[in-house]
$ cat model.txt   # compact mmCIF, C-alpha atoms and all ligand atoms
# COMPACT_ATOMS: atom_id res chain seq x y z
CA MET A 17 -5.21 -34.95 -39.46
CA ALA A 18 -4.53 -31.87 -37.35
CA THR A 19 -7.56 -30.29 -35.73
CA SER A 20 -8.11 -26.61 -36.43
CA ILE A 21 -7.76 -24.67 -33.22
CA SER A 22 -9.06 -21.42 -34.67
CA SER A 23 -12.67 -22.53 -34.33
CA CYS A 24 -12.71 -24.02 -30.84
CA ASP A 25 -11.13 -23.89 -27.45
CA ILE A 26 -9.02 -26.86 -26.52
CA THR A 27 -9.37 -29.46 -23.79
CA LEU A 28 -6.27 -31.37 -22.78
CA LYS A 29 -6.58 -34.38 -20.48
CA ILE A 30 -3.62 -35.01 -18.20
CA LEU A 31 -2.82 -38.25 -16.39
CA ILE A 32 -0.04 -38.65 -13.81
CA VAL A 33 1.26 -42.20 -13.47
CA GLY A 34 3.76 -43.69 -11.06
CA ASP A 35 4.05 -45.72 -7.88
CA PRO A 36 1.68 -45.36 -4.90
CA SER A 37 2.21 -42.48 -2.46
CA ILE A 38 4.74 -40.58 -4.54
CA GLY A 39 2.59 -37.43 -4.49
CA LYS A 40 0.49 -37.72 -7.67
CA SER A 41 -2.72 -36.36 -6.13
CA SER A 42 -0.79 -33.59 -4.38
CA LEU A 43 0.77 -32.57 -7.69
CA ILE A 44 -2.68 -32.45 -9.28
CA TRP A 45 -3.89 -30.17 -6.48
CA ARG A 46 -0.87 -27.91 -6.91
CA MET A 47 -1.25 -27.81 -10.69
CA SER A 48 -4.99 -27.21 -10.61
CA GLU A 49 -5.59 -25.13 -7.47
CA ASN A 50 -2.10 -24.03 -6.48
CA ILE A 51 -2.36 -25.49 -3.00
CA PHE A 52 -0.60 -28.30 -1.18
CA PRO A 53 -3.44 -30.52 0.06
CA THR A 54 -3.70 -32.18 3.41
CA LEU A 55 -3.50 -35.97 3.24
CA GLU A 56 -7.27 -36.05 3.68
CA GLN A 57 -7.86 -33.67 0.78
CA ALA A 58 -5.45 -35.57 -1.44
CA ASN A 59 -7.37 -38.78 -0.87
CA ILE A 60 -10.98 -37.78 -0.43
CA ASN A 61 -13.12 -37.32 -3.49
CA MET A 62 -10.30 -38.02 -5.88
CA ALA A 63 -11.80 -41.31 -6.94
CA ASN A 64 -13.91 -40.73 -10.05
CA SER A 65 -13.34 -37.02 -9.85
CA VAL A 66 -11.60 -34.88 -12.39
CA LYS A 67 -9.97 -31.62 -11.40
CA SER A 68 -9.98 -28.92 -14.05
CA LYS A 69 -8.17 -25.69 -14.67
CA ALA A 70 -8.56 -23.15 -17.44
CA ILE A 71 -5.45 -21.43 -18.69
CA GLN A 72 -5.38 -18.57 -21.12
CA PHE A 73 -3.14 -19.00 -24.11
CA GLY A 74 -3.26 -15.91 -26.27
CA ARG A 75 -6.95 -15.42 -26.95
CA LYS A 76 -7.77 -19.07 -26.47
CA GLN A 77 -8.78 -20.82 -23.33
CA ILE A 78 -7.31 -24.22 -22.81
CA LEU A 79 -9.09 -26.48 -20.37
CA LEU A 80 -6.80 -28.83 -18.51
CA LYS A 81 -8.51 -31.90 -17.05
CA PHE A 82 -6.48 -33.85 -14.51
CA LEU A 83 -7.31 -37.51 -14.09
CA ASP A 84 -6.43 -39.11 -10.77
CA THR A 85 -5.72 -42.82 -10.77
CA ALA A 86 -7.19 -43.10 -7.26
CA GLY A 87 -5.25 -46.12 -6.09
CA GLN A 88 -5.30 -48.21 -9.27
CA GLU A 89 -1.51 -47.92 -9.45
CA ARG A 90 -1.17 -50.22 -6.42
CA PHE A 91 -1.35 -53.07 -8.93
CA ARG A 92 1.10 -51.18 -11.17
CA THR A 93 -1.51 -51.11 -13.84
CA ILE A 94 -4.14 -48.55 -14.71
CA SER A 95 -7.43 -48.94 -16.54
CA ARG A 96 -6.76 -48.77 -20.26
CA SER A 97 -9.60 -46.32 -20.70
CA PHE A 98 -7.53 -43.79 -18.73
CA TYR A 99 -4.72 -44.08 -21.23
CA SER A 100 -6.83 -44.13 -24.34
CA THR A 101 -8.44 -40.74 -23.68
CA THR A 102 -5.41 -38.91 -22.32
CA ASP A 103 -3.53 -36.23 -24.29
CA ILE A 104 -0.70 -35.80 -21.78
CA ILE A 105 0.90 -38.40 -19.53
CA ILE A 106 3.26 -37.30 -16.78
CA LEU A 107 5.43 -40.20 -15.76
CA SER A 108 6.45 -39.56 -12.17
CA TYR A 109 8.67 -40.79 -9.36
CA ASP A 110 9.52 -39.56 -5.88
CA GLN A 111 13.03 -38.14 -5.42
CA SER A 112 13.10 -39.58 -1.90
CA ASN A 113 12.04 -43.10 -2.99
CA GLN A 114 14.47 -45.20 -5.03
CA SER A 115 12.03 -47.98 -5.90
CA SER A 116 9.57 -45.47 -7.39
CA PHE A 117 12.37 -44.49 -9.78
CA ASP A 118 13.32 -48.13 -10.45
CA HIS A 119 9.72 -48.87 -11.47
CA LEU A 120 9.68 -46.14 -14.13
CA THR A 121 10.69 -48.59 -16.84
CA GLN A 122 7.59 -50.66 -16.14
CA TRP A 123 5.40 -47.57 -16.16
CA TYR A 124 6.96 -46.36 -19.37
CA THR A 125 6.36 -49.75 -21.05
CA GLU A 126 2.71 -49.61 -20.00
CA VAL A 127 2.34 -46.05 -21.26
CA GLN A 128 3.93 -46.97 -24.59
CA ARG A 129 1.57 -49.91 -24.95
CA TYR A 130 -1.72 -48.19 -24.15
CA ALA A 131 -1.38 -44.44 -24.66
CA LYS A 132 -2.66 -42.74 -27.80
CA LYS A 133 -0.03 -42.43 -30.49
CA ASP A 134 -0.15 -38.62 -30.31
CA CYS A 135 -0.07 -38.48 -26.50
CA TYR A 136 2.62 -36.15 -25.11
CA ILE A 137 4.79 -37.80 -22.44
CA ALA A 138 7.05 -36.09 -19.92
CA LEU A 139 8.94 -37.16 -16.80
CA ALA A 140 8.46 -35.26 -13.55
CA SER A 141 9.93 -35.99 -10.16
CA THR A 142 8.04 -35.18 -6.95
CA LYS A 143 9.16 -33.99 -3.49
CA LYS A 144 12.09 -31.95 -4.77
CA GLU A 145 12.20 -29.96 -1.54
CA SER A 146 12.43 -33.09 0.63
CA THR A 147 15.60 -33.42 2.70
CA GLN A 148 15.62 -37.20 2.04
CA GLN A 149 16.92 -37.12 -1.54
CA VAL A 150 18.00 -40.54 -2.81
CA VAL A 151 17.55 -40.36 -6.60
CA ASN A 152 20.19 -38.30 -8.36
CA PRO A 153 18.44 -35.93 -10.84
CA SER A 154 21.13 -36.63 -13.44
CA THR A 155 20.13 -40.32 -13.39
CA ALA A 156 16.55 -39.27 -14.08
CA GLN A 157 17.71 -36.90 -16.80
CA ASN A 158 19.57 -39.80 -18.44
CA PHE A 159 16.40 -41.91 -18.30
CA ALA A 160 14.45 -39.08 -19.95
CA ASN A 161 17.14 -38.57 -22.61
CA GLU A 162 17.08 -42.28 -23.44
CA LYS A 163 13.33 -42.15 -23.94
CA GLY A 164 13.44 -38.83 -25.79
CA ILE A 165 11.18 -37.06 -23.28
CA SER A 166 11.57 -33.91 -21.18
CA PHE A 167 12.27 -34.00 -17.45
CA ILE A 168 11.38 -31.52 -14.70
CA GLU A 169 11.91 -31.73 -10.93
CA THR A 170 8.88 -30.61 -8.95
CA SER A 171 7.54 -30.24 -5.45
CA ALA A 172 3.84 -29.99 -4.69
CA ALA A 173 4.82 -28.88 -1.19
CA SER A 174 6.90 -25.86 -2.23
CA GLY A 175 5.45 -25.39 -5.71
CA GLU A 176 8.89 -25.59 -7.34
CA GLY A 177 8.84 -26.63 -10.97
CA VAL A 178 5.05 -26.90 -11.12
CA ASP A 179 4.33 -23.91 -13.38
CA GLU A 180 7.19 -25.01 -15.61
CA LEU A 181 5.69 -28.47 -15.82
CA VAL A 182 2.30 -27.06 -16.88
CA GLN A 183 3.94 -24.90 -19.54
CA LEU A 184 6.04 -27.77 -20.81
CA VAL A 185 3.19 -30.22 -21.25
CA VAL A 186 0.70 -27.73 -22.70
CA LYS A 187 3.24 -26.56 -25.27
CA GLY A 188 4.38 -30.11 -25.99
CA ALA A 189 0.87 -31.48 -26.36
CA GLY A 190 -0.24 -28.49 -28.42
CA GLU A 191 2.56 -28.98 -30.88
CA LYS A 192 1.89 -32.68 -31.08
CA LEU A 193 -1.89 -32.58 -31.36
CA TYR A 194 -2.40 -29.50 -33.49
CA SER A 195 -0.71 -28.43 -36.67
CA GLU A 196 2.58 -26.64 -36.12
CA GLU A 197 1.22 -23.75 -38.19
CA ASN A 198 -1.91 -23.21 -36.08
CA TRP A 199 -0.03 -23.60 -32.81
CA THR A 200 2.60 -21.09 -33.93
CA LYS A 201 -0.13 -18.58 -34.79
CA LEU A 202 -1.57 -19.08 -31.33
CA ARG A 203 1.85 -18.54 -29.76
CA VAL A 204 2.27 -15.27 -31.66
CA LYS A 205 -1.06 -14.12 -30.27
CA ALA A 206 0.12 -15.13 -26.80
CA ASN A 207 3.21 -12.98 -27.18
CA GLU A 208 1.05 -10.03 -28.25
CA ASN A 209 -0.95 -10.34 -25.05
CA PRO A 210 0.41 -7.74 -22.59
CA ASN A 211 -0.67 -9.99 -19.71
CA SER A 212 1.55 -12.87 -20.79
CA LYS A 213 5.00 -11.42 -20.39
CA GLY A 214 6.24 -14.33 -18.32
CA THR A 215 6.06 -12.89 -14.82
CA ARG A 216 5.50 -15.51 -12.20
CA GLY A 217 3.63 -15.06 -8.99
CA GLY A 218 1.08 -12.25 -9.28
CA THR A 219 -1.15 -10.69 -6.66
CA GLN A 220 -4.46 -12.01 -5.43
CA SER A 221 -6.36 -9.45 -7.48
CA GLU A 222 -4.59 -10.28 -10.71
CA PRO A 223 -4.39 -13.71 -12.33
CA ARG A 224 -1.19 -15.63 -11.72
CA LYS A 225 0.99 -15.57 -14.82
CA THR A 226 3.21 -18.44 -15.83
CA GLY A 227 5.44 -17.93 -18.86
CA PHE A 228 3.25 -17.81 -21.93
CA CYS A 229 0.30 -19.18 -20.01
CA GLN A 230 -1.84 -17.07 -17.78
CA ILE A 231 -3.50 -19.13 -15.09
CA LEU A 232 -7.10 -18.08 -14.63
N1 LIG B 1 7.78 -33.60 1.23
C1 LIG B 1 6.81 -33.73 0.33
N2 LIG B 1 5.79 -34.58 0.56
C2 LIG B 1 4.83 -34.68 -0.39
C3 LIG B 1 4.86 -33.93 -1.58
N3 LIG B 1 3.78 -34.26 -2.33
C4 LIG B 1 3.11 -35.18 -1.61
N4 LIG B 1 3.72 -35.44 -0.45
C5 LIG B 1 3.30 -36.35 0.60
O1 LIG B 1 3.36 -37.68 0.10
C6 LIG B 1 2.26 -38.45 0.60
C7 LIG B 1 1.46 -39.04 -0.54
O2 LIG B 1 0.88 -37.97 -1.29
P1 LIG B 1 -0.32 -38.22 -2.31
O3 LIG B 1 -0.50 -36.96 -3.08
O4 LIG B 1 -1.50 -38.77 -1.61
O5 LIG B 1 0.36 -39.36 -3.21
P2 LIG B 1 -0.33 -40.29 -4.30
O6 LIG B 1 0.73 -40.69 -5.25
O7 LIG B 1 -1.53 -39.64 -4.89
O8 LIG B 1 -0.75 -41.52 -3.39
P3 LIG B 1 -1.80 -42.70 -3.73
O9 LIG B 1 -2.97 -42.11 -4.45
O10 LIG B 1 -2.16 -43.26 -2.40
O11 LIG B 1 -1.04 -43.67 -4.58
C8 LIG B 1 1.46 -37.49 1.48
O12 LIG B 1 1.89 -37.65 2.82
C9 LIG B 1 1.84 -36.13 0.96
O13 LIG B 1 1.70 -35.10 1.92
C10 LIG B 1 5.95 -33.01 -1.78
O14 LIG B 1 6.07 -32.29 -2.78
N5 LIG B 1 6.89 -32.96 -0.79
MG MG B 2 -3.52 -40.23 -4.92
$ encode --input "model.txt" --output "structure tokens"
Amino acid sequence: MATSISSCDITLKILIVGDPSIGKSSLIWRMSENIFPTLEQANINMANSVKSKAIQFGRKQILLKFLDTAGQERFRTISRSFYSTTDIIILSYDQSNQSSFDHLTQWYTEVQRYAKKDCYIALASTKKESTQQVVNPSTAQNFANEKGISFIETSAASGEGVDELVQLVVKGAGEKLYSEENWTKLRVKANENPNSKGTRGGTQSEPRKTGFCQIL
């Protein structure tokens, strides 16, 4: 049964899965704090820690909680408890690493097996700005089409595609988890909000705006 979103703010848990060293932690840092972390930052304190970010959607605040797999993916398997509590799974591969793309099928099978039925799944590449591109984006797009999921190219280093990825998964998960009617009402409110006109960037004194979401 759809949960009413008129009475409560929403928390969405996000898990990024994919091969080791493809930039999962860096993408979490970029999505949550809008910075590209040093290697040390990306690795320290990520085990057992959850990064959070509040985004404003109309008059509602949505809390995004990013779960980091902290090395579990080395065995190409992740604790089932991660999957069972996650609302959004971002399947990821590195555009400069062919085998990380080749392993997507295995990751997708695992996600299908253990994720919640109403979990929203999307495909995101990493390292889009890298000069060592080996995976053709159209091949990834075909993979996504086959699975019926959306695909976005991103770079934690340059920030490309990251806001779009946040918008995509929040909208996708919202529509999947909450009734279409309630989510549509919320979207109307978002459009009424003069601060959510879709400008990207923003100054330091004003919150960064990303499409219909305003990043707090
Ligand atoms: N060029 C480029 N390098 C990146 C990008 N994102 C991450 N990296 C680099 O890729 C390496 C791995 O990044 P992490 O974020 O630690 O990757 P991870 O998938 O979390 O790695 P593990 O947790 O060890 O599996 C680091 O050297 C990062 O600096 C990116 O967008 N572009
Ligand atoms: Mg990591």
$ atom_distance --input "model.txt" --atom1 "CA of Ile30 in chain A" --atom2 "CA of Leu83 in chain A"
6.1 Å
$ atom_distance --input "model.txt" --atom1 "atom P2 of ligand LIG 1 (chain B)" --atom2 "CA of Lys133 in chain A"
26.3 Å
$ atom_distance --input "model.txt" --atom1 "atom N3 of ligand LIG 1 (chain B)" --atom2 "CA of Ser42 in chain A"
5.1 Å
$ closest_residue --input "model.txt" --among "A:Ser95, A:Ser174, A:Gln111, A:Ser37" --to "Ser154 in chain A" --atoms "all atoms listed in the file"
A:Gln111
$ residues_near_ligand --input "model.txt" --ligand "ligand MG 2 (chain B)" --cutoff "7 Å" --atoms "all atoms listed in the file" --output "list in words"
Ser37, Gly39, Lys40, Ser41, Ala58, Asn59, Asp84, Thr85, Ala86 and Gly87 of chain A
$ write_last_selection --input "model.txt" --atoms "C-alpha atoms" --output "CSV table (one decimal), in the frame of the given file"
chain,number,residue,atom,x,y,z
A,37,SER,CA,2.2,-42.5,-2.5
A,39,GLY,CA,2.6,-37.4,-4.5
A,40,LYS,CA,0.5,-37.7,-7.7
A,41,SER,CA,-2.7,-36.4,-6.1
A,58,ALA,CA,-5.4,-35.6,-1.4
A,59,ASN,CA,-7.4,-38.8,-0.9
A,84,ASP,CA,-6.4,-39.1,-10.8
A,85,THR,CA,-5.7,-42.8,-10.8
A,86,ALA,CA,-7.2,-43.1,-7.3
A,87,GLY,CA,-5.2,-46.1,-6.1
$ residues_around --input "model.txt" --residues "Gly188 in chain A" --least-positions-apart "5" --cutoff "12 Å" --atoms "only C-alpha atoms" --output "VMD selection string"
chain A and resid 28 103 to 106 134 to 138 165 to 166 180 to 183 193 to 196 199
$ residues_near_ligand --input "model.txt" --ligand "ligand LIG 1 (chain B)" --cutoff "9 Å" --atoms "only C-alpha atoms and all ligand atoms" --output "number ranges by chain"
A: 32-45, 52-59, 62, 84-90, 109-110, 112, 142-148, 170-176
$ write_last_selection --input "model.txt" --atoms "C-alpha atoms" --output "mmCIF file, in the frame of the given file"
data_model
loop_
_atom_site.group_PDB
_atom_site.id
_atom_site.type_symbol
_atom_site.label_atom_id
_atom_site.label_comp_id
_atom_site.auth_asym_id
_atom_site.auth_seq_id
_atom_site.Cartn_x
_atom_site.Cartn_y
_atom_site.Cartn_z
ATOM 1 C CA ILE A 32 -0.040 -38.650 -13.810
ATOM 2 C CA VAL A 33 1.260 -42.200 -13.470
ATOM 3 C CA GLY A 34 3.760 -43.690 -11.060
ATOM 4 C CA ASP A 35 4.050 -45.720 -7.880
ATOM 5 C CA PRO A 36 1.680 -45.360 -4.900
ATOM 6 C CA SER A 37 2.210 -42.480 -2.460
ATOM 7 C CA ILE A 38 4.740 -40.580 -4.540
ATOM 8 C CA GLY A 39 2.590 -37.430 -4.490
ATOM 9 C CA LYS A 40 0.490 -37.720 -7.670
ATOM 10 C CA SER A 41 -2.720 -36.360 -6.130
ATOM 11 C CA SER A 42 -0.790 -33.590 -4.380
ATOM 12 C CA LEU A 43 0.770 -32.570 -7.690
ATOM 13 C CA ILE A 44 -2.680 -32.450 -9.280
ATOM 14 C CA TRP A 45 -3.890 -30.170 -6.480
ATOM 15 C CA PHE A 52 -0.600 -28.300 -1.180
ATOM 16 C CA PRO A 53 -3.440 -30.520 0.060
ATOM 17 C CA THR A 54 -3.700 -32.180 3.410
ATOM 18 C CA LEU A 55 -3.500 -35.970 3.240
ATOM 19 C CA GLU A 56 -7.270 -36.050 3.680
ATOM 20 C CA GLN A 57 -7.860 -33.670 0.780
ATOM 21 C CA ALA A 58 -5.450 -35.570 -1.440
ATOM 22 C CA ASN A 59 -7.370 -38.780 -0.870
ATOM 23 C CA MET A 62 -10.300 -38.020 -5.880
ATOM 24 C CA ASP A 84 -6.430 -39.110 -10.770
ATOM 25 C CA THR A 85 -5.720 -42.820 -10.770
ATOM 26 C CA ALA A 86 -7.190 -43.100 -7.260
ATOM 27 C CA GLY A 87 -5.250 -46.120 -6.090
ATOM 28 C CA GLN A 88 -5.300 -48.210 -9.270
ATOM 29 C CA GLU A 89 -1.510 -47.920 -9.450
ATOM 30 C CA ARG A 90 -1.170 -50.220 -6.420
ATOM 31 C CA TYR A 109 8.670 -40.790 -9.360
ATOM 32 C CA ASP A 110 9.520 -39.560 -5.880
ATOM 33 C CA SER A 112 13.100 -39.580 -1.900
ATOM 34 C CA THR A 142 8.040 -35.180 -6.950
ATOM 35 C CA LYS A 143 9.160 -33.990 -3.490
ATOM 36 C CA LYS A 144 12.090 -31.950 -4.770
ATOM 37 C CA GLU A 145 12.200 -29.960 -1.540
ATOM 38 C CA SER A 146 12.430 -33.090 0.630
ATOM 39 C CA THR A 147 15.600 -33.420 2.700
ATOM 40 C CA GLN A 148 15.620 -37.200 2.040
ATOM 41 C CA THR A 170 8.880 -30.610 -8.950
ATOM 42 C CA SER A 171 7.540 -30.240 -5.450
ATOM 43 C CA ALA A 172 3.840 -29.990 -4.690
ATOM 44 C CA ALA A 173 4.820 -28.880 -1.190
ATOM 45 C CA SER A 174 6.900 -25.860 -2.230
ATOM 46 C CA GLY A 175 5.450 -25.390 -5.710
ATOM 47 C CA GLU A 176 8.890 -25.590 -7.340
#
$ closest_residue --input "model.txt" --among "A:Lys187, A:Phe167, A:Tyr130, A:Gln114" --to "Val151 in chain A" --atoms "only C-alpha atoms"
A:Gln114
$ build_atoms --input "model.txt" --residues "range 157-193 of chain A" --atoms "N, CA and C atoms" --output "PDB file, in the frame of the given file"
ATOM      1  N   GLN A 157      17.527 -37.600 -15.525  1.00  0.00           N
ATOM      2  CA  GLN A 157      17.710 -36.900 -16.800  1.00  0.00           C
ATOM      3  C   GLN A 157      18.182 -37.883 -17.876  1.00  0.00           C
ATOM      4  N   ASN A 158      19.091 -38.791 -17.488  1.00  0.00           N
ATOM      5  CA  ASN A 158      19.570 -39.800 -18.440  1.00  0.00           C
ATOM      6  C   ASN A 158      18.423 -40.700 -18.906  1.00  0.00           C
ATOM      7  N   PHE A 159      17.565 -41.082 -17.960  1.00  0.00           N
ATOM      8  CA  PHE A 159      16.400 -41.910 -18.300  1.00  0.00           C
ATOM      9  C   PHE A 159      15.538 -41.161 -19.330  1.00  0.00           C
ATOM     10  N   ALA A 160      15.294 -39.886 -19.046  1.00  0.00           N
ATOM     11  CA  ALA A 160      14.450 -39.080 -19.950  1.00  0.00           C
ATOM     12  C   ALA A 160      15.119 -38.944 -21.328  1.00  0.00           C
ATOM     13  N   ASN A 161      16.421 -38.706 -21.334  1.00  0.00           N
ATOM     14  CA  ASN A 161      17.140 -38.570 -22.610  1.00  0.00           C
ATOM     15  C   ASN A 161      17.020 -39.848 -23.439  1.00  0.00           C
ATOM     16  N   GLU A 162      17.187 -40.973 -22.753  1.00  0.00           N
ATOM     17  CA  GLU A 162      17.080 -42.280 -23.440  1.00  0.00           C
ATOM     18  C   GLU A 162      15.721 -42.451 -24.104  1.00  0.00           C
ATOM     19  N   LYS A 163      14.685 -41.970 -23.414  1.00  0.00           N
ATOM     20  CA  LYS A 163      13.330 -42.150 -23.940  1.00  0.00           C
ATOM     21  C   LYS A 163      12.929 -40.998 -24.866  1.00  0.00           C
ATOM     22  N   GLY A 164      13.754 -39.981 -24.926  1.00  0.00           N
ATOM     23  CA  GLY A 164      13.440 -38.830 -25.790  1.00  0.00           C
ATOM     24  C   GLY A 164      12.303 -37.984 -25.233  1.00  0.00           C
ATOM     25  N   ILE A 165      12.232 -37.885 -23.890  1.00  0.00           N
ATOM     26  CA  ILE A 165      11.180 -37.060 -23.280  1.00  0.00           C
ATOM     27  C   ILE A 165      11.815 -36.008 -22.374  1.00  0.00           C
ATOM     28  N   SER A 166      11.052 -34.978 -22.047  1.00  0.00           N
ATOM     29  CA  SER A 166      11.570 -33.910 -21.180  1.00  0.00           C
ATOM     30  C   SER A 166      11.430 -34.305 -19.714  1.00  0.00           C
ATOM     31  N   PHE A 167      12.270 -33.693 -18.882  1.00  0.00           N
ATOM     32  CA  PHE A 167      12.270 -34.000 -17.450  1.00  0.00           C
ATOM     33  C   PHE A 167      12.268 -32.708 -16.630  1.00  0.00           C
ATOM     34  N   ILE A 168      11.425 -32.669 -15.611  1.00  0.00           N
ATOM     35  CA  ILE A 168      11.380 -31.520 -14.700  1.00  0.00           C
ATOM     36  C   ILE A 168      11.274 -32.036 -13.262  1.00  0.00           C
ATOM     37  N   GLU A 169      12.030 -31.404 -12.365  1.00  0.00           N
ATOM     38  CA  GLU A 169      11.910 -31.730 -10.930  1.00  0.00           C
ATOM     39  C   GLU A 169      10.822 -30.832 -10.344  1.00  0.00           C
ATOM     40  N   THR A 170       9.954 -31.409  -9.542  1.00  0.00           N
ATOM     41  CA  THR A 170       8.880 -30.610  -8.950  1.00  0.00           C
ATOM     42  C   THR A 170       8.698 -30.908  -7.460  1.00  0.00           C
ATOM     43  N   SER A 171       7.987 -30.011  -6.822  1.00  0.00           N
ATOM     44  CA  SER A 171       7.540 -30.240  -5.450  1.00  0.00           C
ATOM     45  C   SER A 171       6.149 -29.655  -5.290  1.00  0.00           C
ATOM     46  N   ALA A 172       5.194 -30.505  -4.960  1.00  0.00           N
ATOM     47  CA  ALA A 172       3.840 -29.990  -4.690  1.00  0.00           C
ATOM     48  C   ALA A 172       3.855 -29.202  -3.386  1.00  0.00           C
ATOM     49  N   ALA A 173       4.768 -29.560  -2.489  1.00  0.00           N
ATOM     50  CA  ALA A 173       4.820 -28.880  -1.190  1.00  0.00           C
ATOM     51  C   ALA A 173       5.278 -27.429  -1.359  1.00  0.00           C
ATOM     52  N   SER A 174       6.363 -27.228  -2.091  1.00  0.00           N
ATOM     53  CA  SER A 174       6.900 -25.860  -2.230  1.00  0.00           C
ATOM     54  C   SER A 174       6.402 -25.177  -3.499  1.00  0.00           C
ATOM     55  N   GLY A 175       5.900 -25.956  -4.429  1.00  0.00           N
ATOM     56  CA  GLY A 175       5.450 -25.390  -5.710  1.00  0.00           C
ATOM     57  C   GLY A 175       6.542 -25.320  -6.765  1.00  0.00           C
ATOM     58  N   GLU A 176       7.774 -25.669  -6.382  1.00  0.00           N
ATOM     59  CA  GLU A 176       8.890 -25.590  -7.340  1.00  0.00           C
ATOM     60  C   GLU A 176       8.625 -26.445  -8.570  1.00  0.00           C
ATOM     61  N   GLY A 177       8.904 -25.881  -9.716  1.00  0.00           N
ATOM     62  CA  GLY A 177       8.840 -26.630 -10.970  1.00  0.00           C
ATOM     63  C   GLY A 177       7.430 -26.889 -11.496  1.00  0.00           C
ATOM     64  N   VAL A 178       6.411 -26.519 -10.730  1.00  0.00           N
ATOM     65  CA  VAL A 178       5.050 -26.900 -11.120  1.00  0.00           C
ATOM     66  C   VAL A 178       4.535 -26.063 -12.300  1.00  0.00           C
ATOM     67  N   ASP A 179       4.734 -24.750 -12.236  1.00  0.00           N
ATOM     68  CA  ASP A 179       4.330 -23.910 -13.380  1.00  0.00           C
ATOM     69  C   ASP A 179       5.078 -24.322 -14.638  1.00  0.00           C
ATOM     70  N   GLU A 180       6.363 -24.610 -14.461  1.00  0.00           N
ATOM     71  CA  GLU A 180       7.190 -25.010 -15.610  1.00  0.00           C
ATOM     72  C   GLU A 180       6.666 -26.306 -16.211  1.00  0.00           C
ATOM     73  N   LEU A 181       6.223 -27.202 -15.341  1.00  0.00           N
ATOM     74  CA  LEU A 181       5.690 -28.470 -15.820  1.00  0.00           C
ATOM     75  C   LEU A 181       4.409 -28.237 -16.650  1.00  0.00           C
ATOM     76  N   VAL A 182       3.539 -27.357 -16.145  1.00  0.00           N
ATOM     77  CA  VAL A 182       2.300 -27.060 -16.880  1.00  0.00           C
ATOM     78  C   VAL A 182       2.645 -26.472 -18.249  1.00  0.00           C
ATOM     79  N   GLN A 183       3.554 -25.519 -18.260  1.00  0.00           N
ATOM     80  CA  GLN A 183       3.940 -24.900 -19.540  1.00  0.00           C
ATOM     81  C   GLN A 183       4.510 -25.926 -20.503  1.00  0.00           C
ATOM     82  N   LEU A 184       5.382 -26.764 -19.966  1.00  0.00           N
ATOM     83  CA  LEU A 184       6.040 -27.770 -20.810  1.00  0.00           C
ATOM     84  C   LEU A 184       5.022 -28.685 -21.479  1.00  0.00           C
ATOM     85  N   VAL A 185       4.094 -29.216 -20.682  1.00  0.00           N
ATOM     86  CA  VAL A 185       3.190 -30.220 -21.250  1.00  0.00           C
ATOM     87  C   VAL A 185       2.133 -29.597 -22.162  1.00  0.00           C
ATOM     88  N   VAL A 186       1.692 -28.375 -21.827  1.00  0.00           N
ATOM     89  CA  VAL A 186       0.700 -27.730 -22.700  1.00  0.00           C
ATOM     90  C   VAL A 186       1.341 -27.420 -24.060  1.00  0.00           C
ATOM     91  N   LYS A 187       2.533 -26.875 -24.021  1.00  0.00           N
ATOM     92  CA  LYS A 187       3.240 -26.560 -25.270  1.00  0.00           C
ATOM     93  C   LYS A 187       3.527 -27.846 -26.051  1.00  0.00           C
ATOM     94  N   GLY A 188       4.025 -28.843 -25.328  1.00  0.00           N
ATOM     95  CA  GLY A 188       4.380 -30.110 -25.990  1.00  0.00           C
ATOM     96  C   GLY A 188       3.172 -30.787 -26.606  1.00  0.00           C
ATOM     97  N   ALA A 189       2.072 -30.831 -25.851  1.00  0.00           N
ATOM     98  CA  ALA A 189       0.870 -31.480 -26.360  1.00  0.00           C
ATOM     99  C   ALA A 189       0.278 -30.684 -27.502  1.00  0.00           C
ATOM    100  N   GLY A 190       0.308 -29.355 -27.364  1.00  0.00           N
ATOM    101  CA  GLY A 190      -0.240 -28.490 -28.420  1.00  0.00           C
ATOM    102  C   GLY A 190       0.479 -28.743 -29.731  1.00  0.00           C
ATOM    103  N   GLU A 191       1.784 -28.795 -29.654  1.00  0.00           N
ATOM    104  CA  GLU A 191       2.560 -28.980 -30.880  1.00  0.00           C
ATOM    105  C   GLU A 191       2.356 -30.371 -31.468  1.00  0.00           C
ATOM    106  N   LYS A 192       2.070 -31.317 -30.607  1.00  0.00           N
ATOM    107  CA  LYS A 192       1.890 -32.680 -31.080  1.00  0.00           C
ATOM    108  C   LYS A 192       0.478 -32.904 -31.651  1.00  0.00           C
ATOM    109  N   LEU A 193      -0.507 -32.296 -30.983  1.00  0.00           N
ATOM    110  CA  LEU A 193      -1.890 -32.580 -31.360  1.00  0.00           C
ATOM    111  C   LEU A 193      -2.418 -31.676 -32.464  1.00  0.00           C
TER     112      LEU A 193
END
